[in-house]
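File shown: target.cif. Contents: mmCIF, N, CA and C atoms.
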```cif
data_protein
#
loop_
_atom_site.label_atom_id
_atom_site.label_comp_id
_atom_site.auth_asym_id
_atom_site.auth_seq_id
_atom_site.Cartn_x
_atom_site.Cartn_y
_atom_site.Cartn_z
N MET A 29 -87.46 -62.21 -14.62
CA MET A 29 -86.52 -62.78 -15.56
C MET A 29 -87.04 -64.09 -16.13
N VAL A 30 -87.69 -64.89 -15.30
CA VAL A 30 -88.19 -66.18 -15.77
C VAL A 30 -89.21 -66.00 -16.88
N SER A 31 -90.13 -65.04 -16.74
CA SER A 31 -91.16 -64.85 -17.74
C SER A 31 -90.57 -64.48 -19.09
N SER A 32 -89.50 -63.68 -19.13
CA SER A 32 -88.91 -63.32 -20.41
C SER A 32 -88.23 -64.53 -21.05
N VAL A 33 -87.66 -65.41 -20.24
CA VAL A 33 -87.05 -66.63 -20.78
C VAL A 33 -88.14 -67.54 -21.35
N LEU A 34 -89.24 -67.66 -20.63
CA LEU A 34 -90.31 -68.52 -21.10
C LEU A 34 -90.94 -68.00 -22.37
N SER A 35 -91.11 -66.69 -22.48
CA SER A 35 -91.73 -66.16 -23.68
C SER A 35 -90.84 -66.36 -24.89
N VAL A 36 -89.54 -66.30 -24.71
CA VAL A 36 -88.61 -66.52 -25.81
C VAL A 36 -88.55 -68.00 -26.18
N ALA A 37 -88.64 -68.87 -25.19
CA ALA A 37 -88.46 -70.30 -25.43
C ALA A 37 -89.78 -71.06 -25.58
N ALA A 38 -90.90 -70.38 -25.53
CA ALA A 38 -92.19 -71.06 -25.56
C ALA A 38 -92.40 -71.85 -26.85
N HIS A 39 -91.76 -71.45 -27.91
CA HIS A 39 -91.90 -72.17 -29.17
C HIS A 39 -91.06 -73.45 -29.19
N ASN A 40 -90.18 -73.63 -28.24
CA ASN A 40 -89.28 -74.77 -28.22
C ASN A 40 -89.75 -75.75 -27.14
N TYR A 41 -90.50 -76.75 -27.58
CA TYR A 41 -91.07 -77.67 -26.59
C TYR A 41 -89.99 -78.46 -25.85
N GLN A 42 -88.87 -78.74 -26.47
CA GLN A 42 -87.82 -79.49 -25.79
C GLN A 42 -87.22 -78.67 -24.65
N PHE A 43 -87.02 -77.37 -24.86
CA PHE A 43 -86.54 -76.49 -23.80
C PHE A 43 -87.50 -76.54 -22.62
N MET A 44 -88.79 -76.46 -22.92
CA MET A 44 -89.78 -76.45 -21.85
C MET A 44 -89.80 -77.79 -21.11
N LEU A 45 -89.71 -78.89 -21.83
CA LEU A 45 -89.66 -80.20 -21.17
C LEU A 45 -88.42 -80.33 -20.31
N ASP A 46 -87.28 -79.85 -20.81
CA ASP A 46 -86.03 -79.91 -20.05
C ASP A 46 -86.13 -79.13 -18.73
N HIS A 47 -86.97 -78.12 -18.70
CA HIS A 47 -87.13 -77.30 -17.50
C HIS A 47 -88.42 -77.64 -16.74
N LYS A 48 -88.90 -78.86 -17.00
CA LYS A 48 -90.05 -79.41 -16.29
C LYS A 48 -91.31 -78.54 -16.39
N LEU A 49 -91.50 -77.97 -17.59
CA LEU A 49 -92.70 -77.18 -17.87
C LEU A 49 -93.63 -78.02 -18.74
N PRO A 50 -94.93 -77.82 -18.64
CA PRO A 50 -95.84 -78.60 -19.47
C PRO A 50 -95.66 -78.23 -20.95
N ALA A 51 -95.36 -79.23 -21.75
CA ALA A 51 -95.12 -78.99 -23.18
C ALA A 51 -95.21 -80.31 -23.92
N GLY A 52 -95.21 -80.22 -25.21
CA GLY A 52 -95.21 -81.40 -26.06
C GLY A 52 -95.10 -81.00 -27.51
N LYS A 53 -94.80 -81.97 -28.34
CA LYS A 53 -94.64 -81.72 -29.76
C LYS A 53 -96.01 -81.64 -30.42
N TRP A 54 -96.19 -80.66 -31.26
CA TRP A 54 -97.43 -80.49 -32.02
C TRP A 54 -97.28 -81.28 -33.31
N LEU A 55 -98.10 -82.28 -33.49
CA LEU A 55 -98.00 -83.16 -34.65
C LEU A 55 -98.96 -82.67 -35.74
N ASP A 56 -98.50 -81.71 -36.54
CA ASP A 56 -99.35 -81.07 -37.54
C ASP A 56 -100.11 -82.03 -38.44
N PRO A 57 -99.42 -82.94 -39.14
CA PRO A 57 -100.14 -83.83 -40.06
C PRO A 57 -101.17 -84.71 -39.34
N ASP A 58 -100.82 -85.21 -38.17
CA ASP A 58 -101.74 -86.06 -37.42
C ASP A 58 -102.97 -85.28 -36.96
N MET A 59 -102.77 -84.06 -36.53
CA MET A 59 -103.88 -83.25 -36.06
C MET A 59 -104.82 -82.91 -37.22
N ARG A 60 -104.25 -82.55 -38.34
CA ARG A 60 -105.07 -82.22 -39.51
C ARG A 60 -105.87 -83.44 -39.97
N LYS A 61 -105.21 -84.59 -40.00
CA LYS A 61 -105.91 -85.84 -40.37
C LYS A 61 -107.04 -86.13 -39.38
N GLY A 62 -106.79 -85.86 -38.11
CA GLY A 62 -107.81 -86.10 -37.09
C GLY A 62 -109.03 -85.22 -37.29
N VAL A 63 -108.80 -83.95 -37.60
CA VAL A 63 -109.92 -83.03 -37.87
C VAL A 63 -110.71 -83.51 -39.07
N GLU A 64 -109.99 -83.85 -40.15
CA GLU A 64 -110.66 -84.33 -41.37
C GLU A 64 -111.47 -85.60 -41.09
N ALA A 65 -110.89 -86.52 -40.34
CA ALA A 65 -111.58 -87.77 -40.02
C ALA A 65 -112.83 -87.54 -39.17
N ALA A 66 -112.74 -86.64 -38.21
CA ALA A 66 -113.90 -86.34 -37.35
C ALA A 66 -115.04 -85.75 -38.16
N VAL A 67 -114.70 -84.83 -39.05
CA VAL A 67 -115.73 -84.20 -39.89
C VAL A 67 -116.33 -85.23 -40.85
N ALA A 68 -115.47 -86.05 -41.47
CA ALA A 68 -115.97 -87.08 -42.41
C ALA A 68 -116.85 -88.10 -41.70
N LYS A 69 -116.48 -88.47 -40.49
CA LYS A 69 -117.27 -89.44 -39.73
C LYS A 69 -118.66 -88.89 -39.42
N LYS A 70 -118.72 -87.62 -39.08
CA LYS A 70 -120.00 -87.03 -38.70
C LYS A 70 -120.88 -86.69 -39.91
N PHE A 71 -120.26 -86.20 -40.98
CA PHE A 71 -121.04 -85.69 -42.12
C PHE A 71 -120.93 -86.53 -43.39
N GLY A 72 -119.99 -87.45 -43.45
CA GLY A 72 -119.86 -88.32 -44.62
C GLY A 72 -119.23 -87.67 -45.84
N ASN A 73 -118.55 -86.55 -45.65
CA ASN A 73 -117.91 -85.89 -46.79
C ASN A 73 -116.72 -86.71 -47.29
N THR A 74 -116.40 -86.54 -48.57
CA THR A 74 -115.30 -87.28 -49.18
C THR A 74 -114.12 -86.39 -49.54
N LYS A 75 -114.33 -85.09 -49.60
CA LYS A 75 -113.26 -84.15 -49.91
C LYS A 75 -112.79 -83.47 -48.63
N PRO A 76 -111.52 -83.07 -48.58
CA PRO A 76 -111.00 -82.37 -47.40
C PRO A 76 -111.74 -81.05 -47.15
N VAL A 77 -111.86 -80.68 -45.90
CA VAL A 77 -112.50 -79.41 -45.53
C VAL A 77 -111.51 -78.43 -44.92
N VAL A 78 -110.32 -78.89 -44.57
CA VAL A 78 -109.28 -78.01 -44.02
C VAL A 78 -108.40 -77.54 -45.18
N MET A 79 -108.38 -76.23 -45.38
CA MET A 79 -107.58 -75.66 -46.45
C MET A 79 -106.11 -75.56 -46.03
N ALA A 80 -105.88 -75.14 -44.77
CA ALA A 80 -104.51 -74.95 -44.31
C ALA A 80 -104.46 -74.95 -42.79
N GLU A 81 -103.27 -75.21 -42.26
CA GLU A 81 -102.99 -75.11 -40.83
C GLU A 81 -101.70 -74.33 -40.72
N ILE A 82 -101.78 -73.17 -40.09
CA ILE A 82 -100.61 -72.30 -39.95
C ILE A 82 -100.52 -71.84 -38.50
N ASP A 83 -99.39 -72.10 -37.87
CA ASP A 83 -99.19 -71.67 -36.48
C ASP A 83 -100.34 -72.09 -35.58
N TYR A 84 -100.74 -73.34 -35.66
CA TYR A 84 -101.79 -73.93 -34.83
C TYR A 84 -103.18 -73.39 -35.14
N ARG A 85 -103.34 -72.68 -36.22
CA ARG A 85 -104.66 -72.17 -36.62
C ARG A 85 -105.12 -72.94 -37.84
N TYR A 86 -106.37 -73.34 -37.83
CA TYR A 86 -106.93 -74.10 -38.93
C TYR A 86 -107.84 -73.22 -39.77
N PHE A 87 -107.68 -73.32 -41.08
CA PHE A 87 -108.47 -72.55 -42.01
C PHE A 87 -109.34 -73.52 -42.80
N LEU A 88 -110.64 -73.39 -42.63
CA LEU A 88 -111.56 -74.28 -43.32
C LEU A 88 -111.81 -73.77 -44.74
N ASP A 89 -112.01 -74.71 -45.65
CA ASP A 89 -112.24 -74.40 -47.06
C ASP A 89 -113.75 -74.25 -47.28
N ARG A 90 -114.21 -73.01 -47.25
CA ARG A 90 -115.65 -72.75 -47.39
C ARG A 90 -116.20 -73.26 -48.70
N LYS A 91 -115.42 -73.15 -49.76
CA LYS A 91 -115.88 -73.60 -51.08
C LYS A 91 -116.09 -75.11 -51.08
N ALA A 92 -115.11 -75.86 -50.57
CA ALA A 92 -115.22 -77.32 -50.52
C ALA A 92 -116.37 -77.75 -49.61
N ILE A 93 -116.57 -77.02 -48.53
CA ILE A 93 -117.66 -77.33 -47.60
C ILE A 93 -119.00 -77.14 -48.30
N ALA A 94 -119.16 -76.01 -48.99
CA ALA A 94 -120.42 -75.71 -49.70
C ALA A 94 -120.66 -76.70 -50.84
N GLU A 95 -119.61 -77.05 -51.58
CA GLU A 95 -119.75 -77.99 -52.70
C GLU A 95 -120.24 -79.36 -52.24
N GLN A 96 -119.94 -79.70 -51.01
CA GLN A 96 -120.36 -81.00 -50.48
C GLN A 96 -121.70 -80.93 -49.74
N GLY A 97 -122.31 -79.74 -49.77
CA GLY A 97 -123.61 -79.56 -49.14
C GLY A 97 -123.56 -79.56 -47.63
N LEU A 98 -122.43 -79.18 -47.07
CA LEU A 98 -122.27 -79.17 -45.61
C LEU A 98 -122.50 -77.76 -45.07
N ASP A 99 -122.85 -77.68 -43.82
CA ASP A 99 -123.04 -76.40 -43.15
C ASP A 99 -121.72 -75.99 -42.51
N TYR A 100 -121.24 -74.82 -42.87
CA TYR A 100 -119.94 -74.33 -42.39
C TYR A 100 -119.87 -74.31 -40.86
N GLU A 101 -120.89 -73.77 -40.21
CA GLU A 101 -120.88 -73.65 -38.75
C GLU A 101 -120.84 -75.02 -38.07
N GLN A 102 -121.53 -75.99 -38.62
CA GLN A 102 -121.51 -77.34 -38.04
C GLN A 102 -120.14 -77.99 -38.24
N VAL A 103 -119.54 -77.78 -39.40
CA VAL A 103 -118.19 -78.32 -39.66
C VAL A 103 -117.20 -77.67 -38.70
N LYS A 104 -117.29 -76.37 -38.54
CA LYS A 104 -116.39 -75.65 -37.63
C LYS A 104 -116.56 -76.16 -36.20
N ALA A 105 -117.79 -76.32 -35.76
CA ALA A 105 -118.04 -76.80 -34.39
C ALA A 105 -117.47 -78.21 -34.20
N THR A 106 -117.61 -79.05 -35.19
CA THR A 106 -117.08 -80.42 -35.11
C THR A 106 -115.55 -80.39 -35.03
N ALA A 107 -114.92 -79.55 -35.84
CA ALA A 107 -113.46 -79.44 -35.83
C ALA A 107 -112.97 -78.93 -34.47
N ILE A 108 -113.63 -77.93 -33.94
CA ILE A 108 -113.25 -77.37 -32.63
C ILE A 108 -113.40 -78.43 -31.54
N GLU A 109 -114.51 -79.12 -31.56
CA GLU A 109 -114.75 -80.15 -30.54
C GLU A 109 -113.66 -81.24 -30.61
N TRP A 110 -113.31 -81.67 -31.81
CA TRP A 110 -112.27 -82.70 -31.93
C TRP A 110 -110.93 -82.16 -31.41
N LEU A 111 -110.59 -80.93 -31.76
CA LEU A 111 -109.32 -80.36 -31.32
C LEU A 111 -109.26 -80.21 -29.80
N ARG A 112 -110.38 -79.88 -29.19
CA ARG A 112 -110.40 -79.75 -27.72
C ARG A 112 -110.15 -81.09 -27.05
N GLN A 113 -110.55 -82.17 -27.66
CA GLN A 113 -110.40 -83.49 -27.05
C GLN A 113 -109.15 -84.23 -27.53
N ALA A 114 -108.45 -83.68 -28.49
CA ALA A 114 -107.27 -84.34 -29.04
C ALA A 114 -106.17 -84.46 -27.98
N PRO A 115 -105.47 -85.58 -27.95
CA PRO A 115 -104.46 -85.79 -26.90
C PRO A 115 -103.26 -84.86 -26.97
N THR A 116 -102.95 -84.29 -28.12
CA THR A 116 -101.76 -83.44 -28.23
C THR A 116 -102.11 -81.97 -28.45
N THR A 117 -103.32 -81.57 -28.07
CA THR A 117 -103.73 -80.18 -28.24
C THR A 117 -103.01 -79.28 -27.25
N PRO A 118 -102.40 -78.18 -27.74
CA PRO A 118 -101.77 -77.24 -26.82
C PRO A 118 -102.81 -76.55 -25.94
N CYS A 119 -102.40 -76.05 -24.80
CA CYS A 119 -103.32 -75.39 -23.86
C CYS A 119 -104.04 -74.21 -24.49
N GLY A 120 -103.41 -73.52 -25.43
CA GLY A 120 -103.98 -72.30 -25.99
C GLY A 120 -105.32 -72.48 -26.65
N ILE A 121 -105.58 -73.63 -27.23
CA ILE A 121 -106.86 -73.84 -27.90
C ILE A 121 -107.98 -73.90 -26.88
N VAL A 122 -107.79 -74.62 -25.82
CA VAL A 122 -108.82 -74.76 -24.81
C VAL A 122 -108.89 -73.52 -23.92
N SER A 123 -107.77 -72.87 -23.67
CA SER A 123 -107.74 -71.78 -22.70
C SER A 123 -108.54 -70.57 -23.15
N ARG A 124 -108.85 -70.45 -24.40
CA ARG A 124 -109.65 -69.32 -24.86
C ARG A 124 -111.06 -69.36 -24.29
N THR A 125 -111.50 -70.53 -23.90
CA THR A 125 -112.88 -70.68 -23.44
C THR A 125 -113.04 -70.56 -21.94
N SER A 126 -111.95 -70.52 -21.20
CA SER A 126 -112.08 -70.50 -19.75
C SER A 126 -110.92 -69.79 -19.09
N ARG A 127 -111.23 -68.77 -18.32
CA ARG A 127 -110.18 -68.05 -17.59
C ARG A 127 -109.45 -68.98 -16.62
N ARG A 128 -110.19 -69.86 -15.97
CA ARG A 128 -109.58 -70.76 -14.99
C ARG A 128 -108.57 -71.67 -15.68
N LEU A 129 -108.91 -72.19 -16.86
CA LEU A 129 -107.97 -73.04 -17.57
C LEU A 129 -106.75 -72.23 -18.01
N ARG A 130 -106.96 -71.00 -18.42
CA ARG A 130 -105.84 -70.18 -18.87
C ARG A 130 -104.87 -69.97 -17.72
N ARG A 131 -105.38 -69.63 -16.55
CA ARG A 131 -104.50 -69.41 -15.41
C ARG A 131 -103.81 -70.69 -14.98
N SER A 132 -104.54 -71.79 -14.94
CA SER A 132 -103.94 -73.04 -14.47
C SER A 132 -102.91 -73.57 -15.46
N SER A 133 -103.06 -73.27 -16.76
CA SER A 133 -102.08 -73.75 -17.72
C SER A 133 -100.78 -72.96 -17.64
N MET A 134 -100.83 -71.79 -17.00
CA MET A 134 -99.62 -70.97 -16.88
C MET A 134 -98.85 -71.32 -15.62
N GLY A 135 -99.36 -72.20 -14.80
CA GLY A 135 -98.59 -72.60 -13.64
C GLY A 135 -99.25 -72.38 -12.40
#
```
Let's see the structure in the file written out as structure tokens.
Amino acid sequence: MVSSVLSVAAHNYQFMLDHKLPAGKWLDPDMRKGVEAAVAKKFGNTKPVVMAEIDYRYFLDRKAIAEQGLDYEQVKATAIEWLRQAPTTPCGIVSRTSRRLRRSSMG
């Protein structure tokens, strides 16, 4: 019964906090700005490289990346690295890379 409640309420971080589960608010604009800043710091680009962020997924703008003479794979790697180290990153981003992290994030 608990698992069905959690799966229904997983999108509601306040519910999870109220029930002493690991959760937090996803700050979309701050996270997107952080990705853009990390990429700009490393590569010196002046135009945005993130086209959209939907449901915690980031879509890079290949056209803008190419127009600025940047390598798509390097930009993607930089964005991923920043997201992994970001203070408000949900467990799901990091858990894809490690079974142990996935299990430990579930309790």
Please determine the residues with any atom at most 12 Å from (-114.9, -72.0, -42.7) (coordinates as given in the file, with only C-alpha atoms counting) and report them as a short mmCIF file (atom, residue, chain, number, x, y, z; two decimals) with N, CA and C atoms, keeping the file's coordinate frame.
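And here is the file that came out, point_29.cif:
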```
data_model
loop_
_atom_site.label_atom_id
_atom_site.label_comp_id
_atom_site.auth_asym_id
_atom_site.auth_seq_id
_atom_site.Cartn_x
_atom_site.Cartn_y
_atom_site.Cartn_z
N VAL A 77 -111.86 -80.68 -45.90
CA VAL A 77 -112.50 -79.41 -45.53
C VAL A 77 -111.51 -78.43 -44.92
N VAL A 78 -110.32 -78.89 -44.57
CA VAL A 78 -109.28 -78.01 -44.02
C VAL A 78 -108.40 -77.54 -45.18
N MET A 79 -108.38 -76.23 -45.38
CA MET A 79 -107.58 -75.66 -46.45
C MET A 79 -106.11 -75.56 -46.03
N ALA A 80 -105.88 -75.14 -44.77
CA ALA A 80 -104.51 -74.95 -44.31
C ALA A 80 -104.46 -74.95 -42.79
N ARG A 85 -103.34 -72.68 -36.22
CA ARG A 85 -104.66 -72.17 -36.62
C ARG A 85 -105.12 -72.94 -37.84
N TYR A 86 -106.37 -73.34 -37.83
CA TYR A 86 -106.93 -74.10 -38.93
C TYR A 86 -107.84 -73.22 -39.77
N PHE A 87 -107.68 -73.32 -41.08
CA PHE A 87 -108.47 -72.55 -42.01
C PHE A 87 -109.34 -73.52 -42.80
N LEU A 88 -110.64 -73.39 -42.63
CA LEU A 88 -111.56 -74.28 -43.32
C LEU A 88 -111.81 -73.77 -44.74
N ASP A 89 -112.01 -74.71 -45.65
CA ASP A 89 -112.24 -74.40 -47.06
C ASP A 89 -113.75 -74.25 -47.28
N ARG A 90 -114.21 -73.01 -47.25
CA ARG A 90 -115.65 -72.75 -47.39
C ARG A 90 -116.20 -73.26 -48.70
N LYS A 91 -115.42 -73.15 -49.76
CA LYS A 91 -115.88 -73.60 -51.08
C LYS A 91 -116.09 -75.11 -51.08
N ALA A 92 -115.11 -75.86 -50.57
CA ALA A 92 -115.22 -77.32 -50.52
C ALA A 92 -116.37 -77.75 -49.61
N ILE A 93 -116.57 -77.02 -48.53
CA ILE A 93 -117.66 -77.33 -47.60
C ILE A 93 -119.00 -77.14 -48.30
N ALA A 94 -119.16 -76.01 -48.99
CA ALA A 94 -120.42 -75.71 -49.70
C ALA A 94 -120.66 -76.70 -50.84
N LEU A 98 -122.43 -79.18 -47.07
CA LEU A 98 -122.27 -79.17 -45.61
C LEU A 98 -122.50 -77.76 -45.07
N ASP A 99 -122.85 -77.68 -43.82
CA ASP A 99 -123.04 -76.40 -43.15
C ASP A 99 -121.72 -75.99 -42.51
N TYR A 100 -121.24 -74.82 -42.87
CA TYR A 100 -119.94 -74.33 -42.39
C TYR A 100 -119.87 -74.31 -40.86
N GLU A 101 -120.89 -73.77 -40.21
CA GLU A 101 -120.88 -73.65 -38.75
C GLU A 101 -120.84 -75.02 -38.07
N GLN A 102 -121.53 -75.99 -38.62
CA GLN A 102 -121.51 -77.34 -38.04
C GLN A 102 -120.14 -77.99 -38.24
N VAL A 103 -119.54 -77.78 -39.40
CA VAL A 103 -118.19 -78.32 -39.66
C VAL A 103 -117.20 -77.67 -38.70
N LYS A 104 -117.29 -76.37 -38.54
CA LYS A 104 -116.39 -75.65 -37.63
C LYS A 104 -116.56 -76.16 -36.20
N ALA A 105 -117.79 -76.32 -35.76
CA ALA A 105 -118.04 -76.80 -34.39
C ALA A 105 -117.47 -78.21 -34.20
N THR A 106 -117.61 -79.05 -35.19
CA THR A 106 -117.08 -80.42 -35.11
C THR A 106 -115.55 -80.39 -35.03
N ALA A 107 -114.92 -79.55 -35.84
CA ALA A 107 -113.46 -79.44 -35.83
C ALA A 107 -112.97 -78.93 -34.47
N ILE A 108 -113.63 -77.93 -33.94
CA ILE A 108 -113.25 -77.37 -32.63
C ILE A 108 -113.40 -78.43 -31.54
#
```
Counting all atoms listed in the file, the residue among A:Lys75, A:Glu81, A:Met44, A:Gly62 that lies closest to Leu111 of chain A is A:Gly62
Please indicate the distance in Å from atom C of Arg60 of chain A to atom CA of Trp110 of chain A, rounded to one decimal place.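 Between atom C of Arg60 of chain A and atom CA of Trp110 of chain A the gap is 10.3 Å.
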Nearby residues (all atoms listed in the file) at most 8 Å from Thr74 of chain A, same-chain spacing under 4 positions excluded, as a ChimeraX atom specification: /A:67-68,96
Mind giving me the straight-line distance from atom N of Glu64 of chain A to atom C of Asn40 of chain A in Å, one decimal?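 Going from atom N of Glu64 of chain A over to atom C of Asn40 of chain A covers 25.4 Å.
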Can you work out the spacing between atom CA of Met59 of chain A and atom CA of Ala114 of chain A in Å, to one decimal? 7.9 Å
